[in-house]
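Have a look at start-v1.csv below; it lists CSV, C-alpha atoms and all ligand atoms.
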chain,number,residue,atom,x,y,z
A,177,MET,CA,267.4,86.7,28.1
A,178,ASN,CA,270.7,84.9,27.7
A,179,ARG,CA,270.1,81.2,27.9
A,180,PRO,CA,273.3,79.3,27.2
A,181,LEU,CA,273.8,76.1,25.3
A,182,MET,CA,276.7,74.5,27.2
A,183,VAL,CA,278.9,72.0,25.3
A,184,ALA,CA,280.1,69.1,27.5
A,185,PHE,CA,283.8,68.7,26.9
A,186,ASP,CA,283.6,65.0,27.8
A,187,VAL,CA,287.0,64.1,26.3
A,188,SER,CA,290.0,62.4,27.7
A,189,ASN,CA,292.8,65.0,27.6
A,190,GLN,CA,293.7,68.6,27.1
A,191,GLN,CA,294.8,68.2,23.5
A,192,THR,CA,291.5,66.8,22.4
A,193,ALA,CA,289.7,69.5,24.4
A,194,LEU,CA,291.6,72.3,22.8
A,195,LYS,CA,291.0,70.7,19.4
A,196,LEU,CA,287.3,70.7,20.1
A,197,ALA,CA,287.5,74.4,21.3
A,198,GLN,CA,289.3,75.2,18.0
A,199,ALA,CA,286.7,73.4,16.0
A,200,LEU,CA,283.8,75.3,17.7
A,201,GLY,CA,285.5,78.6,16.9
A,202,PRO,CA,288.6,80.0,18.7
A,203,ASP,CA,286.8,82.8,20.5
A,204,GLY,CA,285.0,81.4,23.5
A,205,ARG,CA,283.6,84.7,24.7
A,206,GLY,CA,279.9,84.5,25.5
A,207,LYS,CA,280.0,80.7,25.6
A,208,THR,CA,280.0,78.2,28.4
A,209,VAL,CA,281.7,74.8,28.3
A,210,LYS,CA,281.2,72.0,30.8
A,211,VAL,CA,284.3,70.3,32.1
A,212,GLY,CA,283.4,67.0,33.8
A,213,MET,CA,285.2,64.3,35.8
A,214,GLU,CA,286.9,62.6,32.8
A,215,LEU,CA,288.8,65.7,31.7
A,216,TYR,CA,289.3,67.3,35.1
A,217,TYR,CA,290.7,64.1,36.7
A,218,LYS,CA,293.2,63.9,33.8
A,219,GLU,CA,294.3,67.5,33.5
A,220,GLY,CA,293.4,69.2,36.8
A,221,ALA,CA,292.9,73.0,37.1
A,222,GLN,CA,295.3,73.8,34.1
A,223,ILE,CA,292.6,72.8,31.6
A,224,LEU,CA,290.2,75.3,33.2
A,225,GLN,CA,292.8,78.0,32.9
A,226,LYS,CA,293.4,77.2,29.2
A,227,LEU,CA,289.7,77.3,28.4
A,228,GLN,CA,289.3,80.5,30.4
A,229,GLU,CA,292.1,82.1,28.4
A,230,LEU,CA,290.0,81.4,25.3
A,231,GLY,CA,287.2,83.3,26.8
A,232,TYR,CA,284.9,80.5,27.9
A,233,ALA,CA,282.8,80.5,31.1
A,234,ILE,CA,283.2,77.2,32.9
A,235,PHE,CA,280.8,74.8,34.3
A,236,LEU,CA,282.9,72.5,36.5
A,237,ASP,CA,280.7,69.4,36.9
A,238,LEU,CA,282.2,67.2,39.6
A,239,LYS,CA,278.9,66.2,41.3
A,240,LEU,CA,280.1,66.3,44.9
A,241,TYR,CA,278.4,63.9,47.3
A,242,ASP,CA,280.1,63.3,50.7
A,243,ILE,CA,279.7,64.3,54.4
A,244,PRO,CA,279.0,68.0,54.9
A,245,HIS,CA,282.5,68.9,56.2
A,246,THR,CA,284.2,67.3,53.3
A,247,VAL,CA,281.9,68.9,50.8
A,248,GLU,CA,282.4,72.3,52.4
A,249,LYS,CA,286.2,72.1,52.3
A,250,ALA,CA,286.1,70.8,48.7
A,251,MET,CA,283.8,73.6,47.6
A,252,LEU,CA,286.1,76.1,49.2
A,253,GLN,CA,288.9,74.9,46.9
A,254,LEU,CA,286.6,74.9,43.8
A,255,ALA,CA,285.6,78.5,44.5
A,256,ARG,CA,289.2,79.5,44.1
A,257,LEU,CA,289.3,78.3,40.5
A,258,GLY,CA,287.2,81.1,39.1
A,259,VAL,CA,284.6,78.8,37.6
A,260,ASP,CA,281.0,79.8,37.0
A,261,TYR,CA,278.9,76.8,38.0
A,262,VAL,CA,279.6,73.7,40.2
A,263,THR,CA,277.4,70.7,41.1
A,264,VAL,CA,276.4,68.6,44.1
A,265,HIS,CA,274.0,65.8,44.5
A,266,ALA,CA,270.8,67.0,46.2
A,267,MET,CA,270.4,63.6,47.6
A,268,GLY,CA,273.2,64.4,50.0
A,269,GLY,CA,270.7,66.3,52.1
A,270,ARG,CA,270.1,69.8,53.6
A,271,GLU,CA,273.2,69.9,55.7
A,272,MET,CA,275.5,68.9,52.9
A,273,LEU,CA,273.9,71.4,50.5
A,274,GLN,CA,274.2,74.2,53.0
A,275,ALA,CA,277.8,73.2,53.7
A,276,ALA,CA,278.5,73.3,50.0
A,277,LYS,CA,277.2,76.9,49.8
A,278,ARG,CA,279.2,78.0,52.8
A,279,GLY,CA,282.4,76.6,51.3
A,280,LEU,CA,281.7,78.4,48.0
A,281,VAL,CA,281.0,81.7,49.8
A,282,GLN,CA,284.1,81.5,51.9
A,283,GLY,CA,286.3,80.4,49.0
A,284,ALA,CA,285.0,83.3,46.9
A,285,ALA,CA,285.5,85.8,49.7
A,286,GLU,CA,289.0,84.6,50.3
A,287,SER,CA,290.0,84.7,46.7
A,288,GLY,CA,288.1,87.9,45.8
A,289,LEU,CA,286.3,86.1,43.0
A,290,PRO,CA,282.5,85.9,42.5
A,291,ALA,CA,281.0,82.6,44.0
A,292,PRO,CA,280.2,80.0,41.4
A,293,LYS,CA,276.5,79.1,41.0
A,294,LEU,CA,275.7,76.0,43.0
A,295,LEU,CA,273.5,73.6,41.1
A,296,ALA,CA,272.0,70.5,42.7
A,297,ILE,CA,271.5,67.3,40.7
A,298,THR,CA,268.0,65.9,41.3
A,299,GLU,CA,267.6,62.5,39.5
A,300,LEU,CA,270.1,62.0,36.8
A,301,THR,CA,268.7,62.1,33.3
A,302,SER,CA,269.8,58.5,32.9
A,303,ALA,CA,267.4,57.4,35.6
A,304,SER,CA,264.1,55.9,34.8
A,305,GLU,CA,260.9,55.5,36.9
A,306,GLU,CA,262.0,51.9,37.4
A,307,ILE,CA,265.4,52.9,38.8
A,308,VAL,CA,263.9,55.4,41.2
A,309,THR,CA,261.1,53.2,42.5
A,310,ARG,CA,262.7,49.8,42.4
A,311,GLU,CA,266.5,50.3,42.8
A,312,GLN,CA,266.5,53.4,44.9
A,313,ASN,CA,263.4,52.2,46.7
A,314,CYS,CA,262.0,55.7,46.6
A,315,ARG,CA,258.3,55.9,47.8
A,316,LEU,CA,257.7,58.8,45.5
A,317,SER,CA,257.3,58.7,41.7
A,318,LEU,CA,260.3,60.0,39.7
A,319,LYS,CA,258.6,63.3,39.1
A,320,GLU,CA,257.6,63.8,42.7
A,321,GLN,CA,261.1,62.9,43.8
A,322,VAL,CA,262.7,65.5,41.4
A,323,LEU,CA,260.3,68.1,42.7
A,324,SER,CA,261.0,67.2,46.3
A,325,LEU,CA,264.8,67.4,45.7
A,326,ALA,CA,264.5,70.7,43.9
A,327,LYS,CA,262.5,72.2,46.8
A,328,LEU,CA,265.2,70.9,49.2
A,329,ALA,CA,267.9,72.4,47.0
A,330,LYS,CA,266.2,75.8,47.0
A,331,ASP,CA,265.5,75.8,50.7
A,332,SER,CA,269.2,74.9,51.3
A,333,GLY,CA,270.5,77.9,49.4
A,334,CYS,CA,271.4,76.4,46.0
A,335,ASP,CA,271.1,78.6,42.9
A,336,GLY,CA,269.4,76.0,40.7
A,337,VAL,CA,269.0,72.3,39.8
A,338,VAL,CA,269.9,69.9,37.1
A,339,CYS,CA,266.8,68.0,35.9
A,340,SER,CA,265.4,66.8,32.6
A,341,ALA,CA,263.2,68.8,30.2
A,342,LEU,CA,260.3,66.6,31.2
A,343,GLU,CA,260.2,68.2,34.7
A,344,VAL,CA,261.0,71.8,34.1
A,345,GLU,CA,257.5,73.1,33.7
A,346,ALA,CA,256.3,71.6,36.9
A,347,LEU,CA,259.4,72.7,38.7
A,348,ARG,CA,258.9,76.3,37.6
A,349,ARG,CA,255.4,76.3,38.9
A,350,ALA,CA,256.2,74.6,42.2
A,351,VAL,CA,259.7,76.0,43.0
A,352,GLY,CA,259.6,79.3,41.2
A,353,ASP,CA,261.2,81.3,38.3
A,354,ASP,CA,263.9,82.7,40.5
A,355,PHE,CA,265.9,79.5,40.2
A,356,PHE,CA,268.2,78.1,37.5
A,357,TYR,CA,267.0,75.0,35.6
A,358,LEU,CA,269.9,73.3,33.8
A,359,VAL,CA,268.8,70.5,31.4
A,360,PRO,CA,271.0,67.8,30.0
A,361,GLY,CA,269.7,64.7,28.1
A,362,ILE,CA,269.3,66.8,24.9
A,363,ARG,CA,269.0,65.0,21.6
A,364,MET,CA,267.6,65.9,18.2
A,365,ALA,CA,265.2,63.3,17.0
A,366,ASP,CA,267.7,61.5,14.7
A,367,ASP,CA,270.6,61.4,17.2
A,368,GLN,CA,271.5,58.4,19.3
A,369,VAL,CA,270.2,58.5,22.8
A,370,GLY,CA,272.8,56.2,24.4
A,371,ASP,CA,272.5,55.9,28.2
A,372,GLN,CA,270.1,58.9,28.5
A,373,VAL,CA,266.5,58.1,29.5
A,374,ARG,CA,264.7,61.4,30.0
A,375,VAL,CA,265.5,63.1,26.7
A,376,ALA,CA,264.1,66.1,24.8
A,377,THR,CA,265.1,68.2,21.8
A,378,PRO,CA,266.6,71.7,22.4
A,379,ALA,CA,263.4,73.3,21.3
A,380,MET,CA,261.3,71.2,23.7
A,381,ALA,CA,263.6,72.1,26.5
A,382,SER,CA,263.4,75.7,25.6
A,383,LYS,CA,259.6,75.7,25.5
A,384,ALA,CA,259.5,73.8,28.8
A,385,GLY,CA,261.4,76.7,30.4
A,386,ALA,CA,265.0,75.4,30.7
A,387,SER,CA,267.4,78.2,31.8
A,388,ALA,CA,270.3,76.4,29.9
A,389,ILE,CA,270.9,73.1,28.2
A,390,VAL,CA,274.0,70.8,28.1
A,391,VAL,CA,274.9,68.9,25.0
A,392,GLY,CA,277.7,66.4,25.0
A,393,ARG,CA,278.2,63.5,22.5
A,394,PRO,CA,276.1,64.9,19.7
A,395,ILE,CA,278.7,67.7,19.5
A,396,ASN,CA,281.9,66.3,21.1
A,397,GLN,CA,281.8,63.0,19.1
A,398,SER,CA,280.6,64.6,15.9
A,399,PRO,CA,283.1,64.6,12.9
A,400,GLN,CA,281.9,68.2,12.4
A,401,PRO,CA,281.4,69.6,15.9
A,402,LYS,CA,280.7,73.2,14.7
A,403,ARG,CA,278.0,72.1,12.3
A,404,ALA,CA,276.5,69.9,15.1
A,405,TYR,CA,276.7,72.9,17.6
A,406,GLU,CA,275.0,75.2,15.1
A,407,ARG,CA,272.2,72.7,14.5
A,408,TYR,CA,271.5,72.3,18.2
A,409,LEU,CA,271.8,76.1,18.8
A,410,ALA,CA,269.4,76.9,16.0
A,411,ASP,CA,266.8,74.5,17.5
A,412,TRP,CA,267.4,75.9,21.0
A,413,GLN,CA,267.0,79.5,19.7
A,414,GLU,CA,263.9,78.5,17.7
A,415,GLY,CA,262.2,77.3,20.9
A,416,THR,CA,263.2,80.6,22.6
A,417,LYS,CA,261.8,82.8,19.8
A,418,GLU,CA,258.3,81.3,20.3
A,419,GLU,CA,258.1,82.3,24.0
B,1,LIG,O1,275.3,67.3,35.7
B,1,LIG,C1,275.2,67.1,34.5
B,1,LIG,O2,275.7,67.8,33.7
B,1,LIG,C2,274.4,65.9,34.1
B,1,LIG,C3,273.3,65.6,34.9
B,1,LIG,C4,272.4,64.7,34.5
B,1,LIG,O3,271.4,64.4,35.1
B,1,LIG,N1,272.6,64.1,33.2
B,1,LIG,C5,273.6,64.4,32.5
B,1,LIG,O4,273.7,63.8,31.4
B,1,LIG,N2,274.6,65.3,32.9
B,1,LIG,C6,275.8,65.5,32.1
B,1,LIG,O5,275.4,66.1,30.8
B,1,LIG,C7,276.2,65.6,29.8
B,1,LIG,C8,275.3,64.9,28.8
B,1,LIG,O6,276.1,64.3,27.8
B,1,LIG,P1,275.5,63.7,26.5
B,1,LIG,O7,274.5,62.6,26.9
B,1,LIG,O8,276.6,63.1,25.8
B,1,LIG,O9,274.8,64.8,25.8
B,1,LIG,C9,277.2,64.6,30.5
B,1,LIG,O10,278.5,65.3,30.6
B,1,LIG,C10,276.6,64.3,31.8
B,1,LIG,O11,277.6,64.1,32.8

How would this structure read if it were set down as structure tokens?
Amino acid sequence: MNRPLMVAFDVSNQQTALKLAQALGPDGRGKTVKVGMELYYKEGAQILQKLQELGYAIFLDLKLYDIPHTVEKAMLQLARLGVDYVTVHAMGGREMLQAAKRGLVQGAAESGLPAPKLLAITELTSASEEIVTREQNCRLSLKEQVLSLAKLAKDSGCDGVVCSALEVEALRRAVGDDFFYLVPGIRMADDQVGDQVRVATPAMASKAGASAIVVGRPINQSPQPKRAYERYLADWQEGTKEE
């Protein structure tokens, strides 16, 4: 089973992004990188094209959250970029999620490209129990809320969810194996956690059943990105071997 380790290219411009790609190894074939708001808002679609030319598959993470019509039309545009994954917030509700899917399907049909996988954010990995129950005033526990949003995402036609490693096992049981579970909030024990709250090592995420992991700062801020990438990849594959 091919379970990607996606590197988050959370850098401020194209030059730094291409330097990072070079450091990781010039051939991007078989690898997926994540382009998020910081880089995309600066460089636009041209950075996607540059990374695609190097062979990378692209996870374009813009986390859409708006009224259904706006999200549908935005997704229609994103589907024309030839990216492989896009994101929305599950919290936007059923109609918005269905609209997102419609936009992707239409955009893909019009451009003759495959539709990107639609992944729904459940609760961000920076969210704690406290944030969910006291700030969002959610009547469910964090875990129940993640589960509820994942079910909603599946019922609404999404291809998968973004969640933490701490929820994947329960989600696989309740929502099923025919769904993509993307897990950020990945740290080796000795790396700084920063603003992440629900964290796990690559091996823990793998054993819990993550379909893919996203690793950002431990690689993109490292003075030796390739060494950091290989360290994380080895731990991720170690967890996979023990399946
Ligand atoms: O959608 C995401 O990728 C995402 C969802 C989530 O719940 N938590 C989360 O950290 N992410 C992203 O995953 C990456 C994690 O970066 P690091 O914390 O630096 O490893 C960032 O680009 C976040 O935007």

With distances taken over all atoms listed in the file, the candidate from A:Lys210, A:Arg205, A:Lys330, A:Arg393 nearest ligand LIG 1 (chain B) is A:Arg393

Residue among A:Pro244, A:Gly352, A:Pro394, A:Gly385 lying closest to Asp367 of chain A, counting only C-alpha atoms:
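The answer is A:Pro394, which sits nearest to Asp367 of chain A.
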
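Put simply, atom CA of Asp354 of chain A is 27.9 Å away from atom CA of Phe185 of chain A.
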
Show which residues sit within 10 Å of Ser387 of chain A, as a list in words. Count only C-alpha atoms, and ignore same-chain residues fewer than 2 positions away.
Met177, Asn178, Arg179, Pro180, Leu181, Gly336, Val344, Asp353, Phe355, Phe356, Tyr357, Leu358, Val359, Ala381, Ser382, Ala384, Gly385 and Ile389 of chain A

Measuring atom to atom with only C-alpha atoms, identify which of A:Ala379, A:Val390, A:Leu240, A:Ala350 is nearest to Trp412 of chain A.
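Ranking A:Ala379, A:Val390, A:Leu240, A:Ala350 by distance to Trp412 of chain A, first place goes to A:Ala379.
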
List the spatial neighbours of segment 192-200 of chain A as a PyMOL selection string - criterion: any atom at most 8 Å away, all atoms listed in the file, same-chain residues fewer than 5 positions off excluded.
chain A and resi 185+187+227+396+400-402+405

Counting only C-alpha atoms and all ligand atoms, which residues of chain A sit at most 10 Å from some atom of ligand LIG 1 (chain B), and what is each one's closest atom pair with its distance in Å to one decimal, listed by chain and rising residue number, as a Markdown table?
| residue | atom | partner | partner_atom | distance |
| --- | --- | --- | --- | --- |
| A:Met182 | CA | B:LIG1 | O5 | 9.2 |
| A:Val183 | CA | B:LIG1 | C7 | 8.3 |
| A:Ala184 | CA | B:LIG1 | O10 | 5.2 |
| A:Phe185 | CA | B:LIG1 | O10 | 7.3 |
| A:Asp186 | CA | B:LIG1 | O10 | 5.8 |
| A:Val187 | CA | B:LIG1 | O10 | 9.6 |
| A:Lys210 | CA | B:LIG1 | O10 | 7.2 |
| A:Val211 | CA | B:LIG1 | O10 | 7.8 |
| A:Gly212 | CA | B:LIG1 | O10 | 6.1 |
| A:Met213 | CA | B:LIG1 | O11 | 8.2 |
| A:Glu214 | CA | B:LIG1 | O10 | 9.1 |
| A:Phe235 | CA | B:LIG1 | O2 | 8.7 |
| A:Leu236 | CA | B:LIG1 | O2 | 9.0 |
| A:Asp237 | CA | B:LIG1 | O1 | 5.9 |
| A:Leu238 | CA | B:LIG1 | O1 | 7.9 |
| A:Lys239 | CA | B:LIG1 | O1 | 6.7 |
| A:Val262 | CA | B:LIG1 | O1 | 8.9 |
| A:Thr263 | CA | B:LIG1 | O1 | 6.7 |
| A:Val264 | CA | B:LIG1 | O1 | 8.6 |
| A:His265 | CA | B:LIG1 | O1 | 9.0 |
| A:Leu295 | CA | B:LIG1 | O1 | 8.5 |
| A:Ala296 | CA | B:LIG1 | O1 | 8.4 |
| A:Ile297 | CA | B:LIG1 | O1 | 6.3 |
| A:Thr298 | CA | B:LIG1 | O3 | 7.2 |
| A:Glu299 | CA | B:LIG1 | O3 | 6.1 |
| A:Leu300 | CA | B:LIG1 | O3 | 3.2 |
| A:Thr301 | CA | B:LIG1 | O3 | 4.0 |
| A:Ser302 | CA | B:LIG1 | N1 | 6.3 |
| A:Ala303 | CA | B:LIG1 | O3 | 8.1 |
| A:Val337 | CA | B:LIG1 | O1 | 9.0 |
| A:Val338 | CA | B:LIG1 | C3 | 5.9 |
| A:Cys339 | CA | B:LIG1 | O3 | 5.9 |
| A:Ser340 | CA | B:LIG1 | O3 | 6.9 |
| A:Leu358 | CA | B:LIG1 | O2 | 8.0 |
| A:Val359 | CA | B:LIG1 | C4 | 7.5 |
| A:Pro360 | CA | B:LIG1 | O5 | 4.8 |
| A:Gly361 | CA | B:LIG1 | O4 | 5.3 |
| A:Ile362 | CA | B:LIG1 | O9 | 5.9 |
| A:Arg363 | CA | B:LIG1 | O9 | 7.2 |
| A:Gln368 | CA | B:LIG1 | O7 | 9.2 |
| A:Val369 | CA | B:LIG1 | O7 | 7.2 |
| A:Gly370 | CA | B:LIG1 | O7 | 7.1 |
| A:Asp371 | CA | B:LIG1 | O7 | 7.1 |
| A:Gln372 | CA | B:LIG1 | O7 | 6.0 |
| A:Val373 | CA | B:LIG1 | N1 | 9.3 |
| A:Arg374 | CA | B:LIG1 | O3 | 8.9 |
| A:Val375 | CA | B:LIG1 | O7 | 9.0 |
| A:Ile389 | CA | B:LIG1 | O5 | 8.7 |
| A:Val390 | CA | B:LIG1 | O5 | 5.6 |
| A:Val391 | CA | B:LIG1 | O9 | 4.2 |
| A:Gly392 | CA | B:LIG1 | O9 | 3.4 |
| A:Arg393 | CA | B:LIG1 | O8 | 3.7 |
| A:Pro394 | CA | B:LIG1 | O9 | 6.2 |
| A:Ile395 | CA | B:LIG1 | O9 | 8.0 |
| A:Asn396 | CA | B:LIG1 | O8 | 7.8 |
| A:Gln397 | CA | B:LIG1 | O8 | 8.5 |

Go ahead and write the selection's residues with C-alpha atoms as a PDB file, keeping the file's coordinate frame.
ATOM      1  CA  MET A 182     276.700  74.500  27.200  1.00  0.00           C
ATOM      2  CA  VAL A 183     278.900  72.000  25.300  1.00  0.00           C
ATOM      3  CA  ALA A 184     280.100  69.100  27.500  1.00  0.00           C
ATOM      4  CA  PHE A 185     283.800  68.700  26.900  1.00  0.00           C
ATOM      5  CA  ASP A 186     283.600  65.000  27.800  1.00  0.00           C
ATOM      6  CA  VAL A 187     287.000  64.100  26.300  1.00  0.00           C
ATOM      7  CA  LYS A 210     281.200  72.000  30.800  1.00  0.00           C
ATOM      8  CA  VAL A 211     284.300  70.300  32.100  1.00  0.00           C
ATOM      9  CA  GLY A 212     283.400  67.000  33.800  1.00  0.00           C
ATOM     10  CA  MET A 213     285.200  64.300  35.800  1.00  0.00           C
ATOM     11  CA  GLU A 214     286.900  62.600  32.800  1.00  0.00           C
ATOM     12  CA  PHE A 235     280.800  74.800  34.300  1.00  0.00           C
ATOM     13  CA  LEU A 236     282.900  72.500  36.500  1.00  0.00           C
ATOM     14  CA  ASP A 237     280.700  69.400  36.900  1.00  0.00           C
ATOM     15  CA  LEU A 238     282.200  67.200  39.600  1.00  0.00           C
ATOM     16  CA  LYS A 239     278.900  66.200  41.300  1.00  0.00           C
ATOM     17  CA  VAL A 262     279.600  73.700  40.200  1.00  0.00           C
ATOM     18  CA  THR A 263     277.400  70.700  41.100  1.00  0.00           C
ATOM     19  CA  VAL A 264     276.400  68.600  44.100  1.00  0.00           C
ATOM     20  CA  HIS A 265     274.000  65.800  44.500  1.00  0.00           C
ATOM     21  CA  LEU A 295     273.500  73.600  41.100  1.00  0.00           C
ATOM     22  CA  ALA A 296     272.000  70.500  42.700  1.00  0.00           C
ATOM     23  CA  ILE A 297     271.500  67.300  40.700  1.00  0.00           C
ATOM     24  CA  THR A 298     268.000  65.900  41.300  1.00  0.00           C
ATOM     25  CA  GLU A 299     267.600  62.500  39.500  1.00  0.00           C
ATOM     26  CA  LEU A 300     270.100  62.000  36.800  1.00  0.00           C
ATOM     27  CA  THR A 301     268.700  62.100  33.300  1.00  0.00           C
ATOM     28  CA  SER A 302     269.800  58.500  32.900  1.00  0.00           C
ATOM     29  CA  ALA A 303     267.400  57.400  35.600  1.00  0.00           C
ATOM     30  CA  VAL A 337     269.000  72.300  39.800  1.00  0.00           C
ATOM     31  CA  VAL A 338     269.900  69.900  37.100  1.00  0.00           C
ATOM     32  CA  CYS A 339     266.800  68.000  35.900  1.00  0.00           C
ATOM     33  CA  SER A 340     265.400  66.800  32.600  1.00  0.00           C
ATOM     34  CA  LEU A 358     269.900  73.300  33.800  1.00  0.00           C
ATOM     35  CA  VAL A 359     268.800  70.500  31.400  1.00  0.00           C
ATOM     36  CA  PRO A 360     271.000  67.800  30.000  1.00  0.00           C
ATOM     37  CA  GLY A 361     269.700  64.700  28.100  1.00  0.00           C
ATOM     38  CA  ILE A 362     269.300  66.800  24.900  1.00  0.00           C
ATOM     39  CA  ARG A 363     269.000  65.000  21.600  1.00  0.00           C
ATOM     40  CA  GLN A 368     271.500  58.400  19.300  1.00  0.00           C
ATOM     41  CA  VAL A 369     270.200  58.500  22.800  1.00  0.00           C
ATOM     42  CA  GLY A 370     272.800  56.200  24.400  1.00  0.00           C
ATOM     43  CA  ASP A 371     272.500  55.900  28.200  1.00  0.00           C
ATOM     44  CA  GLN A 372     270.100  58.900  28.500  1.00  0.00           C
ATOM     45  CA  VAL A 373     266.500  58.100  29.500  1.00  0.00           C
ATOM     46  CA  ARG A 374     264.700  61.400  30.000  1.00  0.00           C
ATOM     47  CA  VAL A 375     265.500  63.100  26.700  1.00  0.00           C
ATOM     48  CA  ILE A 389     270.900  73.100  28.200  1.00  0.00           C
ATOM     49  CA  VAL A 390     274.000  70.800  28.100  1.00  0.00           C
ATOM     50  CA  VAL A 391     274.900  68.900  25.000  1.00  0.00           C
ATOM     51  CA  GLY A 392     277.700  66.400  25.000  1.00  0.00           C
ATOM     52  CA  ARG A 393     278.200  63.500  22.500  1.00  0.00           C
ATOM     53  CA  PRO A 394     276.100  64.900  19.700  1.00  0.00           C
ATOM     54  CA  ILE A 395     278.700  67.700  19.500  1.00  0.00           C
ATOM     55  CA  ASN A 396     281.900  66.300  21.100  1.00  0.00           C
ATOM     56  CA  GLN A 397     281.800  63.000  19.100  1.00  0.00           C
TER      57      GLN A 397
END

Counting only C-alpha atoms, which residues have an atom no more than 7 Å from (276.8, 63.3, 51.5) in the file's coordinates? Please list them as a list in words.
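Result, sorted by chain then residue number: Tyr241, Asp242, Ile243, Pro244, Gly268, Gly269 and Met272 of chain A.
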
Nearby residues (all atoms listed in the file) at most 8 Å from Leu257 of chain A, same-chain spacing under 4 positions excluded, as a VMD selection string
chain A and resid 221 224 253

Given the choices A:Glu320, A:Leu342, A:Val351, A:Leu409, which gets closest to Ala386 of chain A if the distance is worked out from only C-alpha atoms?
A:Leu342

Which residue is closest to Gln190 of chain A? Choose from A:Leu215, A:Cys334, A:Met380, A:Leu316 and count all atoms listed in the file.
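Under the stated criterion, the closest residue is A:Leu215.
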
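Atom pair atom CA of Met364 of chain A / atom CA of Lys319 of chain A has a distance of 22.9 Å (rounded to one decimal).
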
Please measure the separation of atom CA of Pro292 of chain A and atom CA of Gly231 of chain A, giving the value in Å to one decimal.
16.5 Å

Find the residue from A:Lys207, A:Lys277, A:Thr416, A:Asn189 that sits nearest to Lys249 of chain A; use all atoms listed in the file when measuring.
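Smallest separation from Lys249 of chain A among the options: A:Lys277.
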